[in-house]
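To keep things clear, I will list the structure first and then write my remarks on it.
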Amino acid sequence: MDYSIHEVSKILRASTNELKEAKIKILLTDSRSLSFPEESLFFALKSNNNDGHKYISELYQLRVRNFVVSEMHPEFEEMQDANFLVVKDTLTALQQLARYHRSRFDIPVVAITGSNGKTMVKEFLYQMLNQDFNIVRSPRSYNSQIGVPLSVWQLNEKHTLGIFEAGISQCDEMSKLEPIIAPKVGIITNIGEAHQENFISYKEKCLEKLELFKNCDAIVCDLDNLFITDCLDAAFLSHKIIGWSKKDSDAPLYISSIEKGVNSTTIRCTLVGYDKVFTFPFSDDASIENILHCLALILYLKPSSKSLNIEQHNLEPVAMRLEVKQGVNNCTLINDTYNSDINSLDIALDFQMRRLLPLGGKRTLILSDILQTGMLPKNLYKKVAELVRRKKVDKIIGIGRNIKSNADLFDHIEAEFYQTTEEFLHSESIKNLKNELVLIKGSRSFHFERIAERLEQRMHETILEVDLDAIVYNFNHYKSKLKPETKLMCMVKASGYGAGAYELAKTLQDHRCDYLAVAVADEGAELRKEGISIPIVVMNPEFGSFNLIFNNQLEPEVYSLRLLDAIIKETERRGITSYPIHLKIDTGMKRLGFDSEQIPEVIERIKNQNGVIIRSVFSHLAGSDTPELDSFSLQQIETFSKAAQELEEGLGRKVIKHILNSAGIERFAAYQFDMARLGIGLYGINAQGENMLHTVSTLKTTILQIRDVKEGESIGYGRKSIATRPSRIAIIPIGYADGMDRHLSNGVGEVYINGKICPIIGNICMDTCMIDVTDVDTTEGDSVEIFGKEYPVEKIANKLQTIPYEVFTSVSPRVKRVYFRE
């Protein structure tokens, strides 16, 4: 469905230049996600950290001609063939256009809100109902002030049901989302701690979320959750409830019993007087609760019990994330079988396009038939082919009858097609994938997880999961504490604090980080080889690394007259002028750096040469995370300020100044100068000890074997642990060669399994260790968290009397890193 630019202008009541004819099909808010420039309308959104107006010139060069702006810049006047719709607020305009678009459709729309489970409920509903409805739903977790309008924009005349998520982070946001979604029925999952910092109480947050349902005909909730039902009553919405209950036999959906097996659950319930039994392939509490919400909703949409025909046994887990893994034959795999539609394909291809190709390699897409679109196959795959071309895919492997029938549409790239997944798995093609960046994108019925398993490089079962969304969240958290003009330098030294530098650097570069910092030149050179282009500072440059520094355009920290002289001499030898360096002042750390008394000598040397130019001057706080040392921190800041002022006056020009680290940003934001440096905070460790950051790294493994040990028997090397009772001992494949410190042996350390803490028993071995699982319901193959969200890394650090930095950086390179994003 499209709109003319004149229609859009009227809807937004925008002031315009003389409009040129254009059809608008795509709303664009991120310049990096451009696919179809001629059909796109770019909204120049402003945030605390960015301004979309900065990217209009770049988009114009890429053939975008339609823009919604809140201000006209001089350079826009030169774009004579472009349309500019000038509005007061571009985000409001985006929401206004989506609201108008929604008003054109009279179909049932379900809105889901809550602190957790929104995406799971949405995807379960899609699986249960896609045989009965042509469904449009939010891509991934598009539930924000920007994501909701983009989700609703997908609506077209062929859809018969909409399912949209809505999330909020502060007051007065839901009132803006409600008319965009305009739901007829709502689901509230639960209320938890997410975004609580912006609300006075849980009740205030719950009432804000319930604004979404003020015009609904019905609301699904857990009737046994008295907090939610009380909030519904306070919002005068209790008369609309069609919830479920395990206690009240008069509830619309009464749950008489829940019987859990190892990998399945049987639910016995009463639906409007009819007894029903459902079996689902899940046994965790969260999935069961999400399914009960779905059953209550389906009861409302399909009130006849005889028509309640859901695919209960075929319900599949919802893969909530897109994963990047190392594949066989030097391939990199992007596994995204979370959902398969044209919108999620666009998102996944955009992610692929931003990743580095293996040397001499190509971008490959393995794609199944896209189901339940309501489009004619010819039209659908024509659009897919154009998208593939725009996203610079080199090769497509299509699997399914419909995509194979439209193979001729992909004649512009290398292409091959198979009728079934089985046929591809038995082909020579899967064996010949080499040096390729492979995106695996398939509808669930094609079981593409078999392809992913075949292509994944086999390593042992201990992995470090790295949440790239958490990196972005933490980056923005600290960015929000700074002025918009203050730059931010992010530390990715020591291989990104053990998480792997490239994926982190690429993510930070994508989100407009100003500088990266590494410890040594080798780290910076590797990032340059892998396509990282933003400035990189080398914090500990060595005299033998000048070649790497200059050849890779790395910017060295300079901390002594000897190093300054050597770099100046090297620039003269190479004929280089104005090479950027970063001057470090020691203000009390007594590590590397110039003393304040040396500033005049530094000025003299800099003024008598033209090989280097001071890009920034900085220092490091010794105790910014310790309130007892605040007077010393303030003394350091004063010393630095005087030294920086003396340097600037001596040089006759301004330089970038920075002294704040992660804790400094939290506690001394008034002294942010021109830039701040973000280290451990980026990785989820907060100096205040408050739970306001997201966990980035999770070290996990699996249980290899469980053994019964009799009372009095010993466990492990040296017989250091003796069972004091009949015990169950689990063996897990992680040892000191993987970074599991031996000081955690014999009951000192712990791990997290199935909701319980289990002690490490016996001495930790090189490749394995033993844990006592006597008091936990677990079996071989179960997941074990060493550190992460459930068992914070700080607990391990405290037991070892060290700091989280050491625990993070001790994880061995042989532990596979798996990167994912929502």
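Letters A, B, ... go to the chains of the structure tokens in the order shown; residues in each chain start at 1; ligands are counted from 1 in the same order.
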
- [ ] Would you please give, as a PyMOL selection string, all residues of range 453-623 of chain A that DSSP assigns to helix (DSSP H, G or I) based on the backbone?
- [x] chain A and resi 453-455+468-479+493-497+501-510+521-529+543-551+561-574+596-607

Tell me which protein, DNA and RNA residues are within 8 Å of range 107-117 of chain A, counting only C-alpha atoms, leaving out same-chain ones fewer than 2 positions away, and put them as an mmCIF file with N, CA, C and O atoms, in the first residue's frame.
```cif
data_model
loop_
_atom_site.group_PDB
_atom_site.id
_atom_site.type_symbol
_atom_site.label_atom_id
_atom_site.label_comp_id
_atom_site.auth_asym_id
_atom_site.auth_seq_id
_atom_site.Cartn_x
_atom_site.Cartn_y
_atom_site.Cartn_z
ATOM 1 N N PHE A 105 -8.167 0.624 8.410
ATOM 2 C CA PHE A 105 -8.400 -0.821 8.449
ATOM 3 C C PHE A 105 -9.317 -1.181 9.609
ATOM 4 O O PHE A 105 -9.057 -0.813 10.754
ATOM 5 N N THR A 119 7.095 -10.498 23.329
ATOM 6 C CA THR A 119 7.466 -11.089 22.042
ATOM 7 C C THR A 119 7.123 -12.577 22.003
ATOM 8 O O THR A 119 6.664 -13.087 20.973
ATOM 9 N N MET A 120 7.312 -13.268 23.112
ATOM 10 C CA MET A 120 6.980 -14.693 23.160
ATOM 11 C C MET A 120 5.486 -14.905 22.919
ATOM 12 O O MET A 120 5.090 -15.772 22.130
ATOM 13 N N VAL A 121 4.644 -14.121 23.588
ATOM 14 C CA VAL A 121 3.196 -14.247 23.404
ATOM 15 C C VAL A 121 2.831 -13.951 21.955
ATOM 16 O O VAL A 121 2.027 -14.669 21.339
ATOM 17 N N LYS A 122 3.398 -12.904 21.406
ATOM 18 C CA LYS A 122 3.099 -12.540 20.015
ATOM 19 C C LYS A 122 3.437 -13.680 19.070
ATOM 20 O O LYS A 122 2.637 -14.041 18.187
ATOM 21 N N HIS A 159 -4.682 -8.249 5.221
ATOM 22 C CA HIS A 159 -4.569 -8.746 6.584
ATOM 23 C C HIS A 159 -5.937 -8.847 7.245
ATOM 24 O O HIS A 159 -6.806 -7.986 7.050
ATOM 25 N N THR A 160 -6.098 -9.887 8.054
ATOM 26 C CA THR A 160 -7.354 -10.084 8.781
ATOM 27 C C THR A 160 -7.172 -10.060 10.296
ATOM 28 O O THR A 160 -8.138 -10.143 11.042
ATOM 29 N N LEU A 161 -5.915 -9.958 10.766
ATOM 30 C CA LEU A 161 -5.629 -9.861 12.203
ATOM 31 C C LEU A 161 -4.285 -9.163 12.386
ATOM 32 O O LEU A 161 -3.326 -9.462 11.674
ATOM 33 N N GLY A 162 -4.221 -8.236 13.332
ATOM 34 C CA GLY A 162 -2.966 -7.578 13.683
ATOM 35 C C GLY A 162 -2.571 -7.913 15.100
ATOM 36 O O GLY A 162 -3.426 -7.970 15.997
ATOM 37 N N ILE A 163 -1.279 -8.160 15.332
ATOM 38 C CA ILE A 163 -0.761 -8.422 16.681
ATOM 39 C C ILE A 163 0.465 -7.540 16.868
ATOM 40 O O ILE A 163 1.485 -7.729 16.195
ATOM 41 N N PHE A 164 0.369 -6.583 17.773
ATOM 42 C CA PHE A 164 1.448 -5.611 17.949
ATOM 43 C C PHE A 164 1.851 -5.511 19.420
ATOM 44 O O PHE A 164 1.010 -5.525 20.316
ATOM 45 N N GLU A 165 3.150 -5.403 19.631
ATOM 46 C CA GLU A 165 3.687 -5.153 20.970
ATOM 47 C C GLU A 165 3.751 -3.651 21.234
ATOM 48 O O GLU A 165 3.916 -2.856 20.307
ATOM 49 N N ALA A 166 3.684 -3.272 22.505
ATOM 50 C CA ALA A 166 3.880 -1.881 22.899
ATOM 51 C C ALA A 166 4.652 -1.856 24.207
ATOM 52 O O ALA A 166 4.239 -2.469 25.195
ATOM 53 N N GLY A 167 5.765 -1.159 24.201
ATOM 54 C CA GLY A 167 6.569 -1.022 25.411
ATOM 55 C C GLY A 167 6.785 0.444 25.732
ATOM 56 O O GLY A 167 6.724 1.305 24.857
ATOM 57 N N ILE A 181 -1.975 1.947 17.485
ATOM 58 C CA ILE A 181 -2.366 0.530 17.416
ATOM 59 C C ILE A 181 -3.890 0.401 17.375
ATOM 60 O O ILE A 181 -4.423 -0.462 16.679
ATOM 61 N N ALA A 182 -4.572 1.255 18.128
ATOM 62 C CA ALA A 182 -6.039 1.213 18.227
ATOM 63 C C ALA A 182 -6.536 -0.214 18.422
ATOM 64 O O ALA A 182 -7.292 -0.751 17.622
ATOM 65 N N PRO A 183 -6.115 -0.884 19.510
ATOM 66 C CA PRO A 183 -6.446 -2.308 19.681
ATOM 67 C C PRO A 183 -7.904 -2.529 20.077
ATOM 68 O O PRO A 183 -8.524 -1.680 20.729
ATOM 69 N N LYS A 184 -8.425 -3.680 19.675
ATOM 70 C CA LYS A 184 -9.741 -4.114 20.103
ATOM 71 C C LYS A 184 -9.652 -5.066 21.291
ATOM 72 O O LYS A 184 -10.616 -5.242 22.040
ATOM 73 N N VAL A 185 -8.526 -5.706 21.447
ATOM 74 C CA VAL A 185 -8.311 -6.606 22.581
ATOM 75 C C VAL A 185 -6.873 -6.450 23.041
ATOM 76 O O VAL A 185 -5.970 -6.208 22.223
ATOM 77 N N GLY A 186 -6.659 -6.527 24.344
ATOM 78 C CA GLY A 186 -5.316 -6.340 24.890
ATOM 79 C C GLY A 186 -4.880 -7.512 25.741
ATOM 80 O O GLY A 186 -5.711 -8.240 26.298
ATOM 81 N N ILE A 187 -3.572 -7.685 25.840
ATOM 82 C CA ILE A 187 -2.982 -8.689 26.727
ATOM 83 C C ILE A 187 -1.937 -7.985 27.578
ATOM 84 O O ILE A 187 -1.044 -7.321 27.039
ATOM 85 N N ILE A 188 -2.032 -8.107 28.896
ATOM 86 C CA ILE A 188 -0.961 -7.630 29.763
ATOM 87 C C ILE A 188 -0.314 -8.847 30.398
ATOM 88 O O ILE A 188 -0.978 -9.668 31.037
ATOM 89 N N THR A 189 0.999 -9.013 30.162
ATOM 90 C CA THR A 189 1.688 -10.228 30.592
ATOM 91 C C THR A 189 2.028 -10.183 32.077
ATOM 92 O O THR A 189 1.612 -11.047 32.845
ATOM 93 N N ASN A 190 2.768 -9.181 32.502
ATOM 94 C CA ASN A 190 3.176 -9.054 33.902
ATOM 95 C C ASN A 190 3.801 -7.684 34.091
ATOM 96 O O ASN A 190 4.011 -6.948 33.130
ATOM 97 N N ILE A 191 4.113 -7.362 35.321
ATOM 98 C CA ILE A 191 4.804 -6.108 35.619
ATOM 99 C C ILE A 191 6.050 -6.450 36.428
ATOM 100 O O ILE A 191 5.960 -7.073 37.483
ATOM 101 N N GLY A 192 7.215 -6.070 35.889
ATOM 102 C CA GLY A 192 8.478 -6.359 36.565
ATOM 103 C C GLY A 192 9.337 -5.115 36.678
ATOM 104 O O GLY A 192 8.846 -3.987 36.630
ATOM 105 N N GLU A 193 10.665 -5.312 36.780
ATOM 106 C CA GLU A 193 11.583 -4.219 37.082
ATOM 107 C C GLU A 193 12.019 -3.413 35.869
ATOM 108 O O GLU A 193 12.599 -2.345 36.023
ATOM 109 N N ALA A 194 11.761 -3.900 34.650
ATOM 110 C CA ALA A 194 12.248 -3.218 33.465
ATOM 111 C C ALA A 194 11.776 -1.765 33.420
ATOM 112 O O ALA A 194 10.598 -1.485 33.596
ATOM 113 N N LYS A 209 0.874 1.559 31.438
ATOM 114 C CA LYS A 209 0.733 0.517 30.413
ATOM 115 C C LYS A 209 -0.736 0.274 30.066
ATOM 116 O O LYS A 209 -1.080 0.024 28.902
ATOM 117 N N LEU A 212 -3.013 1.709 27.168
ATOM 118 C CA LEU A 212 -3.118 1.075 25.857
ATOM 119 C C LEU A 212 -4.495 0.452 25.638
ATOM 120 O O LEU A 212 -4.933 0.282 24.506
ATOM 121 N N ALA A 286 7.798 -19.694 32.463
ATOM 122 C CA ALA A 286 7.551 -18.518 31.625
ATOM 123 C C ALA A 286 6.762 -18.903 30.374
ATOM 124 O O ALA A 286 5.791 -18.226 30.001
ATOM 125 N N ASN A 290 2.935 -17.749 29.265
ATOM 126 C CA ASN A 290 2.696 -17.121 27.961
ATOM 127 C C ASN A 290 1.627 -17.877 27.170
ATOM 128 O O ASN A 290 0.781 -17.279 26.503
#
```

- [ ] Please indicate the distance in Å from CA of Leu482 in chain A to CA of Lys46 in chain A, rounded to one decimal place.
- [x] 15.8 Å

Open item on the list: I'd like the interatomic distance between CA of Lys362 in chain A and CA of Glu436 in chain A, to a tenth of an Å.
Closed with: 5.0 Å

Task: strand (DSSP E or B) positions in range 668-741 of chain A, given as a PyMOL selection string - done: chain A and resi 675-678+697-702+705-709+714-715+721-722+727-732

Task: Nearest to Ser33 in chain A, chosen from A:Val68, A:Leu345, A:Ile228, A:Ile11, with only C-alpha atoms counted in the distances - done: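 Smallest separation from Ser33 in chain A among the options: A:Leu345.
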
- [ ] Have a look at A:Cys765, A:Val520, A:Ile753, A:Val655 and name the one nearest to Tyr736 in chain A; count only C-alpha atoms.
- [x] A:Cys765

Task: Contacts of range 143-151 of chain A at 9 Å (only C-alpha atoms; same-chain gap of 3+ positions) as number ranges by chain - done: A: 26-29, 91, 94-99, 113, 136-140, 154-155, 164-169, 173-174, 176-177, 180-181

Could you produce a table of the residues of range 430-481 of chain A lying within 12 Å of range 782-791 of chain A, with the nearest pair of atoms per residue and their separation in Å rounded to one decimal, using only C-alpha atoms, ordered by chain and increasing residue number, as a Markdown table?
```
| residue | atom | partner | partner_atom | distance |
| --- | --- | --- | --- | --- |
| A:Glu461 | CA | A:Ser783 | CA | 9.8 |
| A:Thr462 | CA | A:Val784 | CA | 9.3 |
| A:Ile463 | CA | A:Glu785 | CA | 10.0 |
| A:Leu464 | CA | A:Phe787 | CA | 9.5 |
| A:Glu465 | CA | A:Gly788 | CA | 9.0 |
| A:Val466 | CA | A:Gly788 | CA | 9.9 |
| A:Asp467 | CA | A:Gly788 | CA | 10.6 |
| A:Ala470 | CA | A:Lys789 | CA | 11.3 |
```

For the residues selected in the previous step, produce a file with N, CA and C atoms as a PDB file, in the first residue's frame.
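And here is the file that came out, result18.pdb:
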```pdb
ATOM      1  N   GLU A 461      31.314 -27.568  24.352  1.00  0.00           N
ATOM      2  CA  GLU A 461      30.009 -27.017  24.653  1.00  0.00           C
ATOM      3  C   GLU A 461      30.028 -25.823  25.591  1.00  0.00           C
ATOM      4  N   THR A 462      31.198 -25.358  25.962  1.00  0.00           N
ATOM      5  CA  THR A 462      31.302 -24.148  26.767  1.00  0.00           C
ATOM      6  C   THR A 462      31.374 -22.945  25.835  1.00  0.00           C
ATOM      7  N   ILE A 463      30.477 -21.982  26.022  1.00  0.00           N
ATOM      8  CA  ILE A 463      30.438 -20.814  25.143  1.00  0.00           C
ATOM      9  C   ILE A 463      30.315 -19.537  25.970  1.00  0.00           C
ATOM     10  N   LEU A 464      30.767 -18.442  25.384  1.00  0.00           N
ATOM     11  CA  LEU A 464      30.544 -17.121  25.951  1.00  0.00           C
ATOM     12  C   LEU A 464      29.548 -16.407  25.050  1.00  0.00           C
ATOM     13  N   GLU A 465      28.326 -16.199  25.564  1.00  0.00           N
ATOM     14  CA  GLU A 465      27.306 -15.480  24.811  1.00  0.00           C
ATOM     15  C   GLU A 465      27.488 -13.983  25.031  1.00  0.00           C
ATOM     16  N   VAL A 466      27.463 -13.225  23.940  1.00  0.00           N
ATOM     17  CA  VAL A 466      27.663 -11.777  24.012  1.00  0.00           C
ATOM     18  C   VAL A 466      26.434 -11.087  23.427  1.00  0.00           C
ATOM     19  N   ASP A 467      25.757 -10.335  24.247  1.00  0.00           N
ATOM     20  CA  ASP A 467      24.512  -9.663  23.873  1.00  0.00           C
ATOM     21  C   ASP A 467      24.842  -8.280  23.301  1.00  0.00           C
ATOM     22  N   ALA A 470      22.715  -5.428  24.532  1.00  0.00           N
ATOM     23  CA  ALA A 470      23.109  -4.921  25.846  1.00  0.00           C
ATOM     24  C   ALA A 470      24.237  -3.901  25.707  1.00  0.00           C
TER      25      ALA A 470
END
```

Open item on the list: I'd like the contact shell of Cys513 in chain A - 7 Å cut-off, only C-alpha atoms, skipping same-chain residues fewer than 2 positions apart - returned as a list in words.
Closed with: Leu488, Met489, Leu508, Gln509, His511 and Tyr515 of chain A

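Considering the residues A:Asn335, A:Thr779, A:Ser596, A:Asn329 and counting only C-alpha atoms, Ala348 in chain A has its shortest atom-to-atom contact with A:Asn335.
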
Task: Long-range neighbours of range 243-260 of chain A as a VMD selection string, 12 Å cut-off, only C-alpha atoms, 5 positions minimum in chain - done: chain A and resid 185 to 189 218 to 226 228 to 229 232 238 265 to 285 287 to 300 303 305

TODO: Find the distance between CA of Tyr3 in chain A and CA of Glu75 in chain A and write it in Å to one decimal.
DONE: 26.9 Å

Task: Selected residue, from A:Asn343, A:Ser264, A:Asn17, A:Ser35, that lies nearest to Asp81 in chain A when counting only C-alpha atoms - done: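 Among the listed residues, A:Asn17 lies closest to Asp81 in chain A.
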
- [ ] Have a look at A:Ile534, A:Met72, A:Met375, A:Leu367 and name the one nearest to Lys158 in chain A; count only C-alpha atoms.
- [x]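 Among the listed residues, the smallest separation from Lys158 in chain A belongs to A:Met375.
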
Task: Residue nearest Glu38 in chain A among A:Arg450, A:Arg63, A:Arg817, A:Lys20 (counting only C-alpha atoms) - done: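 Under the stated criterion, the closest residue is A:Arg63.
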
Task: Long-range neighbours of Asp341 in chain A as a list of chain:residue names, 10 Å cut-off, only C-alpha atoms, 2 positions minimum in chain - done: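 In the requested form, the answer reads A:Val136, A:Pro139, A:Asn339, A:Asn343, A:Ser344, A:Leu345, A:Asp346, A:Asp369, A:Ile370, A:Leu371, A:Gln372, A:Thr373, A:Val384, A:Lys441, A:Gly442, A:Ser443.
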
Put those residues in a file: all heavy atoms, as a short mmCIF file (atom, residue, chain, number, x, y, z; two decimals), in the first residue's frame.
```
data_model
loop_
_atom_site.label_atom_id
_atom_site.label_comp_id
_atom_site.auth_asym_id
_atom_site.auth_seq_id
_atom_site.Cartn_x
_atom_site.Cartn_y
_atom_site.Cartn_z
N VAL A 136 -0.64 -9.74 10.47
CA VAL A 136 0.46 -8.79 10.46
C VAL A 136 0.90 -8.62 11.91
O VAL A 136 0.06 -8.51 12.81
CB VAL A 136 0.06 -7.44 9.83
CG1 VAL A 136 -1.12 -6.82 10.54
CG2 VAL A 136 1.25 -6.47 9.84
N PRO A 139 7.64 -6.73 13.78
CA PRO A 139 8.90 -7.43 13.51
C PRO A 139 9.73 -7.46 14.79
O PRO A 139 9.86 -6.44 15.46
CB PRO A 139 9.59 -6.57 12.44
CG PRO A 139 8.57 -5.57 11.99
CD PRO A 139 7.59 -5.43 13.12
N ASN A 339 11.67 -15.49 12.65
CA ASN A 339 10.45 -15.41 11.86
C ASN A 339 10.86 -15.18 10.41
O ASN A 339 12.01 -14.86 10.13
CB ASN A 339 9.50 -14.31 12.35
CG ASN A 339 10.18 -12.95 12.45
OD1 ASN A 339 11.14 -12.66 11.77
ND2 ASN A 339 9.67 -12.12 13.35
N ASN A 343 9.58 -8.19 6.00
CA ASN A 343 10.12 -7.15 6.88
C ASN A 343 11.29 -7.66 7.71
O ASN A 343 12.31 -6.99 7.85
CB ASN A 343 9.01 -6.60 7.78
CG ASN A 343 7.92 -5.95 6.99
OD1 ASN A 343 8.12 -4.91 6.38
ND2 ASN A 343 6.74 -6.56 6.98
N SER A 344 11.14 -8.86 8.28
CA SER A 344 12.24 -9.40 9.07
C SER A 344 13.42 -9.76 8.17
O SER A 344 14.57 -9.71 8.59
CB SER A 344 11.79 -10.61 9.88
OG SER A 344 11.46 -11.70 9.05
N LEU A 345 13.14 -10.14 6.91
CA LEU A 345 14.23 -10.40 5.96
C LEU A 345 15.02 -9.13 5.70
O LEU A 345 16.26 -9.16 5.66
CB LEU A 345 13.65 -10.95 4.65
CG LEU A 345 14.67 -11.18 3.52
CD1 LEU A 345 15.72 -12.22 3.93
CD2 LEU A 345 13.96 -11.62 2.25
N ASP A 346 14.34 -8.02 5.56
CA ASP A 346 15.01 -6.73 5.36
C ASP A 346 15.93 -6.43 6.54
O ASP A 346 17.09 -6.04 6.36
CB ASP A 346 13.93 -5.64 5.22
CG ASP A 346 14.51 -4.30 4.78
OD1 ASP A 346 15.74 -4.16 4.72
OD2 ASP A 346 13.72 -3.39 4.50
N ASP A 369 10.80 -20.62 1.35
CA ASP A 369 9.55 -19.96 1.00
C ASP A 369 9.09 -19.08 2.16
O ASP A 369 9.19 -19.47 3.34
CB ASP A 369 8.44 -21.00 0.73
CG ASP A 369 8.54 -21.59 -0.67
OD1 ASP A 369 9.33 -21.09 -1.49
OD2 ASP A 369 7.80 -22.57 -0.94
N ILE A 370 8.61 -17.90 1.83
CA ILE A 370 8.02 -17.01 2.84
C ILE A 370 6.52 -17.26 2.82
O ILE A 370 5.87 -17.05 1.80
CB ILE A 370 8.36 -15.54 2.54
CG1 ILE A 370 9.88 -15.34 2.55
CG2 ILE A 370 7.71 -14.63 3.56
CD1 ILE A 370 10.32 -13.94 2.17
N LEU A 371 5.98 -17.71 3.95
CA LEU A 371 4.59 -18.19 3.99
C LEU A 371 3.63 -17.14 4.54
O LEU A 371 4.03 -16.19 5.21
CB LEU A 371 4.53 -19.45 4.85
CG LEU A 371 5.52 -20.57 4.46
CD1 LEU A 371 5.42 -21.73 5.45
CD2 LEU A 371 5.28 -21.04 3.03
N GLN A 372 2.36 -17.35 4.27
CA GLN A 372 1.26 -16.54 4.80
C GLN A 372 1.46 -15.04 4.61
O GLN A 372 1.29 -14.24 5.52
CB GLN A 372 1.06 -16.81 6.31
CG GLN A 372 0.40 -18.12 6.61
CD GLN A 372 1.38 -19.20 7.01
OE1 GLN A 372 2.41 -18.92 7.58
NE2 GLN A 372 1.05 -20.44 6.71
N THR A 373 1.84 -14.62 3.39
CA THR A 373 2.02 -13.19 3.14
C THR A 373 0.79 -12.55 2.53
O THR A 373 0.63 -11.33 2.57
CB THR A 373 3.20 -12.96 2.17
OG1 THR A 373 2.86 -13.51 0.89
CG2 THR A 373 4.46 -13.60 2.70
N VAL A 384 11.47 -9.69 -3.12
CA VAL A 384 12.62 -10.30 -2.45
C VAL A 384 13.88 -10.15 -3.31
O VAL A 384 14.95 -9.80 -2.81
CB VAL A 384 12.35 -11.79 -2.16
CG1 VAL A 384 13.63 -12.49 -1.71
CG2 VAL A 384 11.27 -11.94 -1.10
N LYS A 441 17.82 -17.99 6.83
CA LYS A 441 16.53 -17.35 7.12
C LYS A 441 15.41 -18.22 6.59
O LYS A 441 15.21 -18.34 5.38
CB LYS A 441 16.52 -15.98 6.43
CG LYS A 441 15.31 -15.14 6.72
CD LYS A 441 15.41 -14.52 8.08
CE LYS A 441 14.27 -13.55 8.32
NZ LYS A 441 13.97 -13.41 9.73
N GLY A 442 14.68 -18.89 7.47
CA GLY A 442 13.67 -19.83 7.00
C GLY A 442 12.42 -19.88 7.83
O GLY A 442 12.47 -19.69 9.06
N SER A 443 11.30 -20.12 7.21
CA SER A 443 10.06 -20.37 7.94
C SER A 443 10.20 -21.64 8.77
O SER A 443 10.91 -22.58 8.38
CB SER A 443 8.89 -20.51 6.96
OG SER A 443 8.73 -19.34 6.20
#
```

Open item on the list: I want to know what sits within 7 Å of Glu323 in chain A, based on only C-alpha atoms, with residues of the same chain fewer than 3 positions away left out; could you give that as a ChimeraX atom specification?
Closed with: /A:334-336,818-821
